[in-house]
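Enquirer: Handing over coords_34.cif, mmCIF, C-alpha atoms and all ligand atoms.
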data_start
loop_
_atom_site.group_PDB
_atom_site.id
_atom_site.type_symbol
_atom_site.label_atom_id
_atom_site.label_comp_id
_atom_site.auth_asym_id
_atom_site.auth_seq_id
_atom_site.Cartn_x
_atom_site.Cartn_y
_atom_site.Cartn_z
ATOM 1 C CA MET H 1 264.786 50.104 259.860
ATOM 2 C CA ASP H 2 264.991 50.861 256.121
ATOM 3 C CA TYR H 3 261.555 49.482 255.177
ATOM 4 C CA GLN H 4 261.812 50.692 251.582
ATOM 5 C CA ALA H 5 265.028 48.779 250.842
ATOM 6 C CA LEU H 6 263.628 45.763 252.654
ATOM 7 C CA LEU H 7 260.438 45.704 250.554
ATOM 8 C CA GLU H 8 262.436 45.960 247.353
ATOM 9 C CA GLN H 9 264.604 43.052 248.455
ATOM 10 C CA ILE H 10 261.505 40.964 249.303
ATOM 11 C CA ALA H 11 259.850 41.708 245.941
ATOM 12 C CA GLN H 12 263.022 40.492 244.257
ATOM 13 C CA ASP H 13 263.219 37.366 246.433
ATOM 14 C CA VAL H 14 259.652 36.228 245.680
ATOM 15 C CA SER H 15 259.551 37.263 242.020
ATOM 16 C CA GLN H 16 259.672 33.615 240.830
ATOM 17 C CA LEU H 17 256.480 32.846 242.745
ATOM 18 C CA ILE H 18 254.385 35.719 241.402
ATOM 19 C CA GLY H 19 251.712 34.210 239.163
ATOM 20 C CA SER H 20 251.821 30.805 240.928
ATOM 21 C CA GLY H 21 248.563 29.408 242.278
ATOM 22 C CA ARG H 22 245.053 30.094 241.039
ATOM 23 C CA THR H 23 242.648 32.979 241.419
ATOM 24 C CA ALA H 24 239.389 32.331 243.314
ATOM 25 C CA GLU H 25 237.373 30.646 240.593
ATOM 26 C CA TYR H 26 234.215 30.179 242.647
ATOM 27 C CA ILE H 27 233.648 33.953 242.503
ATOM 28 C CA PRO H 28 233.727 34.723 238.761
ATOM 29 C CA ALA H 29 234.526 38.440 239.269
ATOM 30 C CA LEU H 30 237.700 37.431 241.149
ATOM 31 C CA ALA H 31 238.703 34.709 238.698
ATOM 32 C CA LYS H 32 239.367 37.418 236.089
ATOM 33 C CA VAL H 33 242.023 39.307 238.084
ATOM 34 C CA ASP H 34 245.563 39.250 236.613
ATOM 35 C CA PRO H 35 247.529 36.709 238.724
ATOM 36 C CA ARG H 36 250.821 38.464 237.943
ATOM 37 C CA ARG H 37 250.088 41.384 240.239
ATOM 38 C CA PHE H 38 252.192 41.816 243.358
ATOM 39 C CA GLY H 39 252.262 44.625 245.888
ATOM 40 C CA MET H 40 253.404 45.015 249.458
ATOM 41 C CA ALA H 41 253.197 47.855 251.981
ATOM 42 C CA VAL H 42 254.379 48.489 255.530
ATOM 43 C CA ALA H 43 252.853 51.151 257.798
ATOM 44 C CA ASP H 44 254.689 52.019 260.990
ATOM 45 C CA ILE H 45 252.709 52.897 264.102
ATOM 46 C CA ASP H 46 253.047 56.623 263.364
ATOM 47 C CA GLY H 47 251.410 56.211 259.953
ATOM 48 C CA ASN H 48 254.444 56.394 257.651
ATOM 49 C CA VAL H 49 253.858 54.028 254.723
ATOM 50 C CA TYR H 50 256.351 52.313 252.439
ATOM 51 C CA GLY H 51 255.515 50.169 249.433
ATOM 52 C CA VAL H 52 256.671 48.204 246.442
ATOM 53 C CA GLY H 53 255.035 46.975 243.205
ATOM 54 C CA ASP H 54 251.233 47.301 243.032
ATOM 55 C CA TRP H 55 250.986 48.584 246.601
ATOM 56 C CA GLN H 56 248.649 51.453 245.707
ATOM 57 C CA ARG H 57 246.334 49.475 243.453
ATOM 58 C CA PRO H 58 242.926 48.572 244.923
ATOM 59 C CA PHE H 59 241.956 44.889 245.073
ATOM 60 C CA SER H 60 239.087 42.895 246.582
ATOM 61 C CA THR H 61 239.677 42.662 250.341
ATOM 62 C CA GLN H 62 237.356 39.663 250.859
ATOM 63 C CA SER H 63 237.962 37.882 254.171
ATOM 64 C CA ILE H 64 240.471 40.463 255.390
ATOM 65 C CA THR H 65 237.426 42.564 256.301
ATOM 66 C CA LYS H 66 236.493 39.885 258.869
ATOM 67 C CA VAL H 67 239.147 41.346 261.192
ATOM 68 C CA PHE H 68 237.680 44.839 261.023
ATOM 69 C CA ALA H 69 234.105 43.603 261.458
ATOM 70 C CA LEU H 70 235.214 41.660 264.536
ATOM 71 C CA ALA H 71 236.917 44.743 265.980
ATOM 72 C CA LEU H 72 233.794 46.872 265.471
ATOM 73 C CA ALA H 73 231.475 44.210 266.905
ATOM 74 C CA LEU H 74 233.684 43.851 270.004
ATOM 75 C CA ALA H 75 234.055 47.611 270.385
ATOM 76 C CA SER H 76 230.314 48.253 270.239
ATOM 77 C CA GLY H 77 228.865 45.015 271.633
ATOM 78 C CA GLY H 78 231.536 43.740 274.016
ATOM 79 C CA ASP H 79 232.362 40.256 275.185
ATOM 80 C CA SER H 80 228.904 38.728 274.776
ATOM 81 C CA LEU H 81 229.940 38.078 271.154
ATOM 82 C CA TRP H 82 231.953 35.095 272.357
ATOM 83 C CA LYS H 83 228.753 33.277 273.375
ATOM 84 C CA HIS H 84 227.897 33.117 269.682
ATOM 85 C CA VAL H 85 231.260 32.307 268.112
ATOM 86 C CA GLY H 86 234.325 30.424 269.384
ATOM 87 C CA ARG H 87 238.044 31.081 269.051
ATOM 88 C CA GLU H 88 239.558 27.757 268.154
ATOM 89 C CA PRO H 89 241.143 26.891 264.823
ATOM 90 C CA SER H 90 238.693 24.867 262.754
ATOM 91 C CA GLY H 91 241.163 22.689 260.847
ATOM 92 C CA ASN H 92 238.620 22.803 258.016
ATOM 93 C CA PRO H 93 238.290 24.942 254.889
ATOM 94 C CA PHE H 94 236.979 28.483 255.386
ATOM 95 C CA ASN H 95 233.575 27.703 253.891
ATOM 96 C CA SER H 96 233.042 24.295 255.514
ATOM 97 C CA LEU H 97 229.670 23.252 256.945
ATOM 98 C CA VAL H 98 230.646 20.044 258.738
ATOM 99 C CA GLN H 99 231.439 21.241 262.274
ATOM 100 C CA LEU H 100 228.347 23.387 262.607
ATOM 101 C CA GLU H 101 225.923 20.566 263.268
ATOM 102 C CA TYR H 102 228.124 18.804 265.844
ATOM 103 C CA GLU H 103 228.658 22.121 267.596
ATOM 104 C CA ASN H 104 225.044 23.327 267.651
ATOM 105 C CA GLY H 105 225.353 26.186 265.202
ATOM 106 C CA ILE H 106 228.236 27.909 267.055
ATOM 107 C CA PRO H 107 231.084 28.439 264.566
ATOM 108 C CA ARG H 108 234.628 27.654 265.659
ATOM 109 C CA ASN H 109 236.031 31.156 265.139
ATOM 110 C CA PRO H 110 235.183 34.588 263.643
ATOM 111 C CA PHE H 111 237.431 34.165 260.596
ATOM 112 C CA ILE H 112 235.811 31.192 258.877
ATOM 113 C CA ASN H 113 232.783 32.204 256.838
ATOM 114 C CA ALA H 114 230.264 30.857 259.374
ATOM 115 C CA GLY H 115 231.883 32.849 262.179
ATOM 116 C CA ALA H 116 232.101 35.993 260.089
ATOM 117 C CA LEU H 117 228.397 35.702 259.274
ATOM 118 C CA VAL H 118 227.653 35.641 263.016
ATOM 119 C CA VAL H 119 229.862 38.709 263.576
ATOM 120 C CA THR H 120 228.224 40.643 260.725
ATOM 121 C CA ASP H 121 224.793 39.655 262.035
ATOM 122 C CA ARG H 122 225.667 41.114 265.435
ATOM 123 C CA LEU H 123 227.158 44.224 263.891
ATOM 124 C CA GLN H 124 223.970 44.652 261.884
ATOM 125 C CA SER H 125 221.883 44.434 265.074
ATOM 126 C CA LEU H 126 224.172 46.901 266.853
ATOM 127 C CA THR H 127 224.395 49.499 264.065
ATOM 128 C CA GLY H 128 221.487 48.947 261.669
ATOM 129 C CA ASP H 129 223.864 49.070 258.676
ATOM 130 C CA ALA H 130 226.857 46.779 259.137
ATOM 131 C CA SER H 131 228.535 47.167 255.745
ATOM 132 C CA SER H 132 228.319 50.994 255.707
ATOM 133 C CA GLU H 133 229.669 51.192 259.275
ATOM 134 C CA LEU H 134 232.572 49.044 258.203
ATOM 135 C CA LEU H 135 233.292 51.099 255.094
ATOM 136 C CA ASP H 136 233.179 54.338 257.130
ATOM 137 C CA PHE H 137 235.574 52.902 259.673
ATOM 138 C CA LEU H 138 238.006 51.764 256.971
ATOM 139 C CA ARG H 139 237.881 55.190 255.315
ATOM 140 C CA GLN H 140 238.694 56.886 258.596
ATOM 141 C CA GLU H 141 241.523 54.566 259.599
ATOM 142 C CA SER H 142 243.147 54.486 256.154
ATOM 143 C CA GLY H 143 242.656 58.236 255.640
ATOM 144 C CA ASN H 144 241.254 57.410 252.190
ATOM 145 C CA PRO H 145 237.730 58.841 251.722
ATOM 146 C CA ASP H 146 237.476 57.230 248.264
ATOM 147 C CA LEU H 147 237.308 53.630 249.483
ATOM 148 C CA ALA H 148 234.253 51.927 247.995
ATOM 149 C CA PHE H 149 232.406 48.684 247.442
ATOM 150 C CA ASP H 150 232.846 46.955 244.084
ATOM 151 C CA PRO H 151 229.233 46.280 243.022
ATOM 152 C CA GLN H 152 230.313 43.715 240.415
ATOM 153 C CA VAL H 153 232.096 41.611 243.035
ATOM 154 C CA ALA H 154 229.148 41.879 245.446
ATOM 155 C CA GLU H 155 226.789 40.798 242.671
ATOM 156 C CA SER H 156 229.067 37.940 241.640
ATOM 157 C CA GLU H 157 229.267 36.681 245.232
ATOM 158 C CA SER H 158 225.542 36.919 245.691
ATOM 159 C CA THR H 159 224.806 35.033 242.470
ATOM 160 C CA HIS H 160 227.247 32.291 243.499
ATOM 161 C CA GLY H 161 226.498 32.480 247.228
ATOM 162 C CA ASP H 162 224.691 29.196 247.887
ATOM 163 C CA ARG H 163 227.337 27.974 250.305
ATOM 164 C CA ASN H 164 227.213 31.119 252.432
ATOM 165 C CA ALA H 165 223.406 31.083 252.298
ATOM 166 C CA ALA H 166 223.444 27.480 253.526
ATOM 167 C CA LEU H 167 225.752 28.406 256.427
ATOM 168 C CA ALA H 168 223.559 31.350 257.428
ATOM 169 C CA HIS H 169 220.275 29.418 257.264
ATOM 170 C CA PHE H 170 221.763 26.521 259.188
ATOM 171 C CA MET H 171 222.939 28.793 262.002
ATOM 172 C CA ALA H 172 219.580 30.589 261.978
ATOM 173 C CA SER H 173 217.930 27.205 262.632
ATOM 174 C CA TYR H 174 219.925 27.082 265.896
ATOM 175 C CA GLY H 175 218.896 30.628 266.819
ATOM 176 C CA ASN H 176 222.435 31.953 266.275
ATOM 177 C CA ILE H 177 221.422 34.521 263.620
ATOM 178 C CA THR H 178 219.110 37.408 264.539
ATOM 179 C CA ASN H 179 218.515 39.305 261.291
ATOM 180 C CA PRO H 180 216.651 37.944 258.247
ATOM 181 C CA VAL H 181 219.153 35.780 256.349
ATOM 182 C CA PRO H 182 218.791 37.702 253.027
ATOM 183 C CA THR H 183 219.609 40.988 254.832
ATOM 184 C CA LEU H 184 222.607 39.426 256.548
ATOM 185 C CA LEU H 185 223.917 37.937 253.295
ATOM 186 C CA ASP H 186 223.640 41.299 251.532
ATOM 187 C CA HIS H 187 225.758 42.974 254.211
ATOM 188 C CA TYR H 188 228.249 40.096 254.239
ATOM 189 C CA PHE H 189 228.698 40.201 250.447
ATOM 190 C CA TRP H 190 229.075 43.987 250.428
ATOM 191 C CA GLN H 191 231.589 43.707 253.239
ATOM 192 C CA CYS H 192 233.680 41.198 251.247
ATOM 193 C CA ALA H 193 233.456 43.424 248.146
ATOM 194 C CA ILE H 194 235.239 46.449 249.651
ATOM 195 C CA GLU H 195 238.193 47.464 247.458
ATOM 196 C CA MET H 196 241.411 48.639 249.110
ATOM 197 C CA SER H 197 245.095 48.818 248.306
ATOM 198 C CA CYS H 198 247.974 47.392 250.350
ATOM 199 C CA ALA H 199 248.665 50.932 251.573
ATOM 200 C CA ASP H 200 245.026 51.423 252.650
ATOM 201 C CA LEU H 201 244.925 48.095 254.496
ATOM 202 C CA ALA H 202 248.284 48.490 256.229
ATOM 203 C CA LEU H 203 247.146 51.904 257.510
ATOM 204 C CA ALA H 204 243.650 50.721 258.474
ATOM 205 C CA ALA H 205 244.990 47.797 260.537
ATOM 206 C CA ARG H 206 247.287 49.983 262.608
ATOM 207 C CA PHE H 207 244.994 49.886 265.648
ATOM 208 C CA LEU H 208 246.086 46.250 266.042
ATOM 209 C CA ALA H 209 249.752 47.271 266.266
ATOM 210 C CA ARG H 210 248.821 50.254 268.498
ATOM 211 C CA HIS H 211 247.195 48.048 271.175
ATOM 212 C CA GLY H 212 243.693 49.262 270.297
ATOM 213 C CA LEU H 213 244.320 52.960 269.542
ATOM 214 C CA ARG H 214 242.769 54.395 266.381
ATOM 215 C CA ALA H 215 244.506 56.657 263.874
ATOM 216 C CA ASP H 216 243.141 59.768 265.640
ATOM 217 C CA GLY H 217 244.484 58.570 269.005
ATOM 218 C CA SER H 218 241.084 57.613 270.433
ATOM 219 C CA ARG H 219 240.618 54.122 271.822
ATOM 220 C CA LEU H 220 238.695 51.532 269.784
ATOM 221 C CA LEU H 221 239.605 48.454 271.814
ATOM 222 C CA THR H 222 241.125 47.800 275.210
ATOM 223 C CA ARG H 223 244.697 46.568 275.138
ATOM 224 C CA SER H 224 243.385 43.179 276.100
ATOM 225 C CA GLU H 225 240.831 43.085 273.243
ATOM 226 C CA ALA H 226 243.525 44.071 270.733
ATOM 227 C CA LYS H 227 245.658 41.205 272.057
ATOM 228 C CA GLN H 228 242.693 38.844 271.705
ATOM 229 C CA ILE H 229 242.132 39.771 268.052
ATOM 230 C CA ASN H 230 245.820 39.366 267.246
ATOM 231 C CA ALA H 231 245.771 35.956 268.953
ATOM 232 C CA VAL H 232 242.771 34.792 266.930
ATOM 233 C CA MET H 233 244.461 36.043 263.754
ATOM 234 C CA LEU H 234 247.544 34.007 264.570
ATOM 235 C CA THR H 235 245.607 30.819 265.324
ATOM 236 C CA CYS H 236 242.721 31.117 262.826
ATOM 237 C CA GLY H 237 243.446 33.923 260.328
ATOM 238 C CA THR H 238 244.629 31.717 257.477
ATOM 239 C CA TYR H 239 242.057 28.929 257.949
ATOM 240 C CA ASP H 240 243.334 25.360 257.831
ATOM 241 C CA ALA H 241 246.832 26.660 257.037
ATOM 242 C CA ALA H 242 247.146 28.725 260.241
ATOM 243 C CA GLY H 243 249.722 26.347 261.710
ATOM 244 C CA GLU H 244 251.814 26.535 258.543
ATOM 245 C CA PHE H 245 251.490 30.339 258.470
ATOM 246 C CA ALA H 246 252.582 30.623 262.126
ATOM 247 C CA HIS H 247 255.497 28.320 261.391
ATOM 248 C CA ARG H 248 256.666 30.280 258.358
ATOM 249 C CA VAL H 249 255.704 33.847 259.254
ATOM 250 C CA GLY H 250 255.221 33.975 263.028
ATOM 251 C CA LEU H 251 252.849 36.940 263.003
ATOM 252 C CA PRO H 252 249.102 37.460 263.433
ATOM 253 C CA GLY H 253 247.730 37.501 259.886
ATOM 254 C CA LYS H 254 244.449 37.517 257.970
ATOM 255 C CA SER H 255 244.097 36.460 254.366
ATOM 256 C CA GLY H 256 241.343 36.851 251.783
ATOM 257 C CA VAL H 257 240.575 35.040 248.531
ATOM 258 C CA GLY H 258 241.265 38.281 246.635
ATOM 259 C CA GLY H 259 244.941 37.411 247.327
ATOM 260 C CA GLY H 260 245.609 39.938 250.093
ATOM 261 C CA ILE H 261 247.085 39.227 253.528
ATOM 262 C CA VAL H 262 247.352 41.673 256.439
ATOM 263 C CA ALA H 263 249.909 40.956 259.185
ATOM 264 C CA VAL H 264 250.690 42.720 262.449
ATOM 265 C CA VAL H 265 253.908 43.287 264.374
ATOM 266 C CA PRO H 266 252.416 44.497 267.690
ATOM 267 C CA GLY H 267 253.943 47.754 268.904
ATOM 268 C CA ARG H 268 255.840 48.223 265.651
ATOM 269 C CA CYS H 269 254.100 48.091 262.267
ATOM 270 C CA THR H 270 251.432 46.530 260.052
ATOM 271 C CA LEU H 271 251.991 44.871 256.692
ATOM 272 C CA CYS H 272 249.797 44.116 253.717
ATOM 273 C CA VAL H 273 250.784 42.028 250.726
ATOM 274 C CA TRP H 274 248.720 41.248 247.642
ATOM 275 C CA SER H 275 249.168 38.741 244.853
ATOM 276 C CA PRO H 276 246.046 37.006 243.489
ATOM 277 C CA GLY H 277 247.404 33.461 242.908
ATOM 278 C CA LEU H 278 246.115 31.290 245.793
ATOM 279 C CA ASP H 279 247.205 27.949 247.204
ATOM 280 C CA ARG H 280 244.600 25.220 247.736
ATOM 281 C CA ARG H 281 243.719 26.607 251.177
ATOM 282 C CA GLY H 282 242.877 30.017 249.716
ATOM 283 C CA ASN H 283 246.005 31.945 250.774
ATOM 284 C CA SER H 284 248.186 33.957 248.383
ATOM 285 C CA VAL H 285 251.249 31.928 247.360
ATOM 286 C CA ALA H 286 253.581 34.888 246.784
ATOM 287 C CA GLY H 287 251.972 36.759 249.686
ATOM 288 C CA VAL H 288 252.818 34.111 252.289
ATOM 289 C CA ALA H 289 256.333 33.817 250.837
ATOM 290 C CA ALA H 290 256.832 37.596 251.054
ATOM 291 C CA LEU H 291 255.750 37.693 254.719
ATOM 292 C CA ASP H 292 258.012 34.720 255.401
ATOM 293 C CA ARG H 293 260.913 36.700 253.885
ATOM 294 C CA PHE H 294 259.972 39.785 255.938
ATOM 295 C CA THR H 295 260.161 38.036 259.299
ATOM 296 C CA THR H 296 263.213 35.996 258.288
ATOM 297 C CA LEU H 297 265.156 39.061 257.135
ATOM 298 C CA THR H 298 264.153 41.333 260.036
ATOM 299 C CA GLY H 299 263.602 38.929 262.931
ATOM 300 C CA LEU H 300 260.389 40.887 263.587
ATOM 301 C CA SER H 301 258.024 38.151 264.709
ATOM 302 C CA VAL H 302 255.976 37.631 267.859
ATOM 303 C CA PHE H 303 258.258 34.701 268.749
HETATM 304 N N1 LIG H 401 233.643 36.340 250.032
HETATM 305 C C1 LIG H 401 234.336 35.107 250.257
HETATM 306 C C2 LIG H 401 233.370 34.030 250.642
HETATM 307 O O1 LIG H 401 232.474 34.288 251.364
HETATM 308 C C3 LIG H 401 235.362 35.312 251.320
HETATM 309 C C4 LIG H 401 236.206 34.088 251.559
HETATM 310 C C5 LIG H 401 237.649 34.363 251.808
HETATM 311 O O2 LIG H 401 238.200 35.414 251.472
HETATM 312 N N2 LIG H 401 238.303 33.375 252.317
HETATM 313 O O3 LIG H 401 233.468 32.886 250.228
#
Output the file's structure in the form of structure tokens.
Expert:
Amino acid sequence: MDYQALLEQIAQDVSQLIGSGRTAEYIPALAKVDPRRFGMAVADIDGNVYGVGDWQRPFSTQSITKVFALALALASGGDSLWKHVGREPSGNPFNSLVQLEYENGIPRNPFINAGALVVTDRLQSLTGDASSELLDFLRQESGNPDLAFDPQVAESESTHGDRNAALAHFMASYGNITNPVPTLLDHYFWQCAIEMSCADLALAARFLARHGLRADGSRLLTRSEAKQINAVMLTCGTYDAAGEFAHRVGLPGKSGVGGGIVAVVPGRCTLCVWSPGLDRRGNSVAGVAALDRFTTLTGLSVF
């Protein structure tokens, strides 16, 4: 497959949509990002990378890191994680509080904020330094030792983090958070503030296309665990738009309010697209359209 020509075609096809939508205004450091950026990268399972537009420019990964935190928590802590977080779509916005009380402090899935807080809490208990473990892992898988946190984004999230603090305290009241809430929130905000490019993310997510095998060939996850993560990405990775995303794109995907989306073609390749303008559910407008074009043009979907 000529990925380079394909990416150039896609960039052309979605050019009218670049700049549509709004940046994430509830995190002031993200609100300032130029909405006219667009980049897209594909990494094949052997680690060859192709890209178009701003594909090498770092951006705020935000909720995309929830996939990697989940993988590390499963790899080091195993299946007991699923006693603390479910795997059903929530049908609610990513930062919603409403289901938590009905469901006794057990979040619906690991990709809404409540679920990601539980995963980071467990990773913190398992490793003693969740956000650094995650950054190290991303550096190794992407092959980019320069990956870093953006302290301004972390600070901005923390200053405007009442909603996440409420979620964490509420779950702690049900005994579903182990670490002190301020410690957990620090690690969660640092995790969201990791900066990566489309190329970095497409490379780092390859273990999901390689049925659990890391870049160095060692095994991170069993084949079955890799399947489980891809399944939860498909059903829950784009929040209350996961049905729409499956309908349009037909791939496991995970978005973030920085405007990035990672998608996986199991056994074949990983994709990352970035454009900061978001729809009202918090997914990149041009990003979803670009992934839609990718699967439509290539027929590469899980269906
Ligand atoms: N840091 C963001 C938050 O906690 C992540 C949300 C997202 O990317 N959907 O609100």
Enquirer: Can you work out which residues are within 6 Å of ligand LIG 401 (chain H), considering only C-alpha atoms and all ligand atoms, and then hand them over as a list in words?
Expert: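 What falls inside 6 Å of ligand LIG 401 (chain H) is Gln62, Ser63, Phe94, Asn113, Cys192, Gly256 and Val257 of chain H.
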Enquirer: Include C-alpha atoms and write out the residues we just selected as a tab-separated table (two decimals), keeping the file's coordinate frame.
Expert:
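Everything below was put into part_2.tsv:
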chain	number	residue	atom	x	y	z
H	62	GLN	CA	237.36	39.66	250.86
H	63	SER	CA	237.96	37.88	254.17
H	94	PHE	CA	236.98	28.48	255.39
H	113	ASN	CA	232.78	32.20	256.84
H	192	CYS	CA	233.68	41.20	251.25
H	256	GLY	CA	241.34	36.85	251.78
H	257	VAL	CA	240.58	35.04	248.53
Enquirer: Rounded to one decimal in Å, what is the spacing between CA of Ile27 in chain H and CA of Ala166 in chain H?
Expert: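 A separation of 16.4 Å between them.
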Enquirer: Applying 9 Å and all atoms listed in the file, which residues near Pro28 in chain H remain after dropping the ones on its own chain fewer than 3 positions away? List them as a ChimeraX atom specification.
Expert: /H:24-25,31-32,153,156-157,160
Enquirer: Residues at most 9 Å from Asp44 in chain H, counting all atoms listed in the file, excluding those fewer than 6 positions away in the same chain, as a list in words?
Expert: Tyr50, Ala202, Leu203, Arg206, Ala209, Arg268, Cys269, Thr270 and Leu271 of chain H
Enquirer: Using all atoms listed in the file, which of the listed residues (H:His169, H:Pro35, H:Val49, H:Phe111) sits closest to Thr23 in chain H?
Expert: H:Pro35
Enquirer: Within 10 Å of (242.8, 35.1, 253.6) (file coordinates; only C-alpha atoms), which protein or nucleic acid residues are there? I'd like them as JSON, numbers by chain.
Expert: {"H": [61, 62, 63, 64, 65, 66, 94, 111, 112, 237, 238, 239, 241, 253, 254, 255, 256, 257, 258, 259, 260, 261, 262, 278, 281, 282, 283, 284]}
Enquirer: Taking the file as shown, what set of residues would the PyMOL selection byres (((chain H and resi 226) around 10) and not hetatm) give back, as a list in words?
Expert: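 Listing what the PyMOL selection byres (((chain H and resi 226) around 10) and not hetatm) selects in the shown file: Ala71, Leu74, Phe207, Leu208, Ala209, Arg210, His211, Gly212, Leu213, Leu220, Leu221, Thr222, Arg223, Ser224, Glu225, Lys227, Gln228, Ile229, Asn230, Ala231 and Pro266 of chain H.
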Enquirer: Please determine, counting all atoms listed in the file, which residue among H:Val285, H:Ala75, H:Thr120, H:Val42 has the shortest atom-to-atom distance to Met1 in chain H.
Expert: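 Once distances to Met1 in chain H are computed over all atoms listed in the file, the minimum belongs to H:Val42.
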Enquirer: For this file, the PyMOL selection byres (((chain H and resi 116) around 9) and not hetatm) selects which residues, as a list of chain:residue names?
Expert: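 Answer for the PyMOL selection byres (((chain H and resi 116) around 9) and not hetatm): H:Ser63, H:Lys66, H:Val67, H:Ala69, H:Leu70, H:Val85, H:Pro107, H:Asn109, H:Pro110, H:Phe111, H:Ile112, H:Asn113, H:Ala114, H:Gly115, H:Leu117, H:Val118, H:Val119, H:Thr120, H:Asp121, H:Tyr188.
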Enquirer: Using all atoms listed in the file, pick whichever of H:Ser76, H:Gln152, H:Ser301, H:Asn164 has the shortest atom-to-atom distance to Ser60 in chain H.
Expert: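 Closest to Ser60 in chain H of all the choices is H:Gln152.
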Enquirer: At what distance in Å, to one decimal, does CA of Ser158 in chain H lie from CA of Arg57 in chain H?
Expert: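 So the two atoms, CA of Arg57 in chain H and CA of Ser158 in chain H, lie 24.4 Å apart.
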Enquirer: Within 8 Å of Ala148 in chain H, counting all atoms listed in the file, which residues show up once you throw out same-chain ones fewer than 5 positions away? Write them as a PyMOL selection string, please.
Expert: chain H and resi 135+194-196
Enquirer: Based on the selection just made, write C-alpha atoms of those residues as an mmCIF file, in the coordinates of the input.
Expert:
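Result file follows (selection_29.cif):
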data_model
loop_
_atom_site.group_PDB
_atom_site.id
_atom_site.type_symbol
_atom_site.label_atom_id
_atom_site.label_comp_id
_atom_site.auth_asym_id
_atom_site.auth_seq_id
_atom_site.Cartn_x
_atom_site.Cartn_y
_atom_site.Cartn_z
ATOM 1 C CA LEU H 135 233.292 51.099 255.094
ATOM 2 C CA ILE H 194 235.239 46.449 249.651
ATOM 3 C CA GLU H 195 238.193 47.464 247.458
ATOM 4 C CA MET H 196 241.411 48.639 249.110
#
Enquirer: Using CA of Leu123 in chain H and CA of Gly243 in chain H as the two end points, give the distance in Å to one decimal.
Expert: 28.9 Å
Enquirer: Identify the residues around (235.2, 46.5, 239.1) within a radius of 10 Å, measuring from all atoms listed in the file in the coordinates stated by the file, and give them as number ranges by chain.
Expert: H: 29-30, 33, 58-60, 149-154, 193, 195
Enquirer: On this structure, which residues satisfy the PyMOL selection byres (((chain H and resi 125) around 12) and not hetatm), written as a PDB file with C-alpha atoms, in the coordinates of the input?
Expert:
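Ended up saving to out-v6.pdb:
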ATOM      1  CA  ALA H  73     231.475  44.210 266.905  1.00  0.00           C
ATOM      2  CA  SER H  76     230.314  48.253 270.239  1.00  0.00           C
ATOM      3  CA  GLY H  77     228.865  45.015 271.633  1.00  0.00           C
ATOM      4  CA  LEU H  81     229.940  38.078 271.154  1.00  0.00           C
ATOM      5  CA  VAL H 118     227.653  35.641 263.016  1.00  0.00           C
ATOM      6  CA  VAL H 119     229.862  38.709 263.576  1.00  0.00           C
ATOM      7  CA  THR H 120     228.224  40.643 260.725  1.00  0.00           C
ATOM      8  CA  ASP H 121     224.793  39.655 262.035  1.00  0.00           C
ATOM      9  CA  ARG H 122     225.667  41.114 265.435  1.00  0.00           C
ATOM     10  CA  LEU H 123     227.158  44.224 263.891  1.00  0.00           C
ATOM     11  CA  GLN H 124     223.970  44.652 261.884  1.00  0.00           C
ATOM     12  CA  LEU H 126     224.172  46.901 266.853  1.00  0.00           C
ATOM     13  CA  THR H 127     224.395  49.499 264.065  1.00  0.00           C
ATOM     14  CA  GLY H 128     221.487  48.947 261.669  1.00  0.00           C
ATOM     15  CA  ASP H 129     223.864  49.070 258.676  1.00  0.00           C
ATOM     16  CA  ALA H 130     226.857  46.779 259.137  1.00  0.00           C
ATOM     17  CA  SER H 131     228.535  47.167 255.745  1.00  0.00           C
ATOM     18  CA  GLU H 133     229.669  51.192 259.275  1.00  0.00           C
ATOM     19  CA  ILE H 177     221.422  34.521 263.620  1.00  0.00           C
ATOM     20  CA  THR H 178     219.110  37.408 264.539  1.00  0.00           C
ATOM     21  CA  ASN H 179     218.515  39.305 261.291  1.00  0.00           C
ATOM     22  CA  PRO H 180     216.651  37.944 258.247  1.00  0.00           C
ATOM     23  CA  THR H 183     219.609  40.988 254.832  1.00  0.00           C
ATOM     24  CA  LEU H 184     222.607  39.426 256.548  1.00  0.00           C
ATOM     25  CA  HIS H 187     225.758  42.974 254.211  1.00  0.00           C
TER      26      HIS H 187
END
Enquirer: Within 10 Å of Ala290 in chain H, counting only C-alpha atoms, which residues qualify if same-chain residues fewer than 2 places away don't, as a PyMOL selection string?
Expert: chain H and resi 7+9-15+17+38-40+249+272-275+284-288+292-296
Enquirer: Within 10 Å of Gly175 in chain H, counting only C-alpha atoms, which residues qualify if same-chain residues fewer than 4 places away don't, as a count of residues only?
Expert: 7
Enquirer: Please put the answer as AutoDock Vina command-line options: centre and edge lengths, in Å with one decimal, of a box along x, y and z that encloses all listed atoms of range 265-271 of chain H plus 8 Å on each side.
Expert:
--center_x 253.6 --center_y 45.8 --center_z 262.8 --size_x 20.4 --size_y 20.9 --size_z 28.2
Enquirer: Which of these, H:Glu141, H:Glu88, H:Asp240, H:Glu8, has the shortest distance to Ala215 in chain H once you count all atoms listed in the file?
Expert: H:Glu141
Enquirer: From the set H:Gly143, H:Arg22, H:Gly51, H:Val98, which residue has the shortest atom-to-atom contact distance to Leu6 in chain H, counting all atoms listed in the file?
Expert: H:Gly51
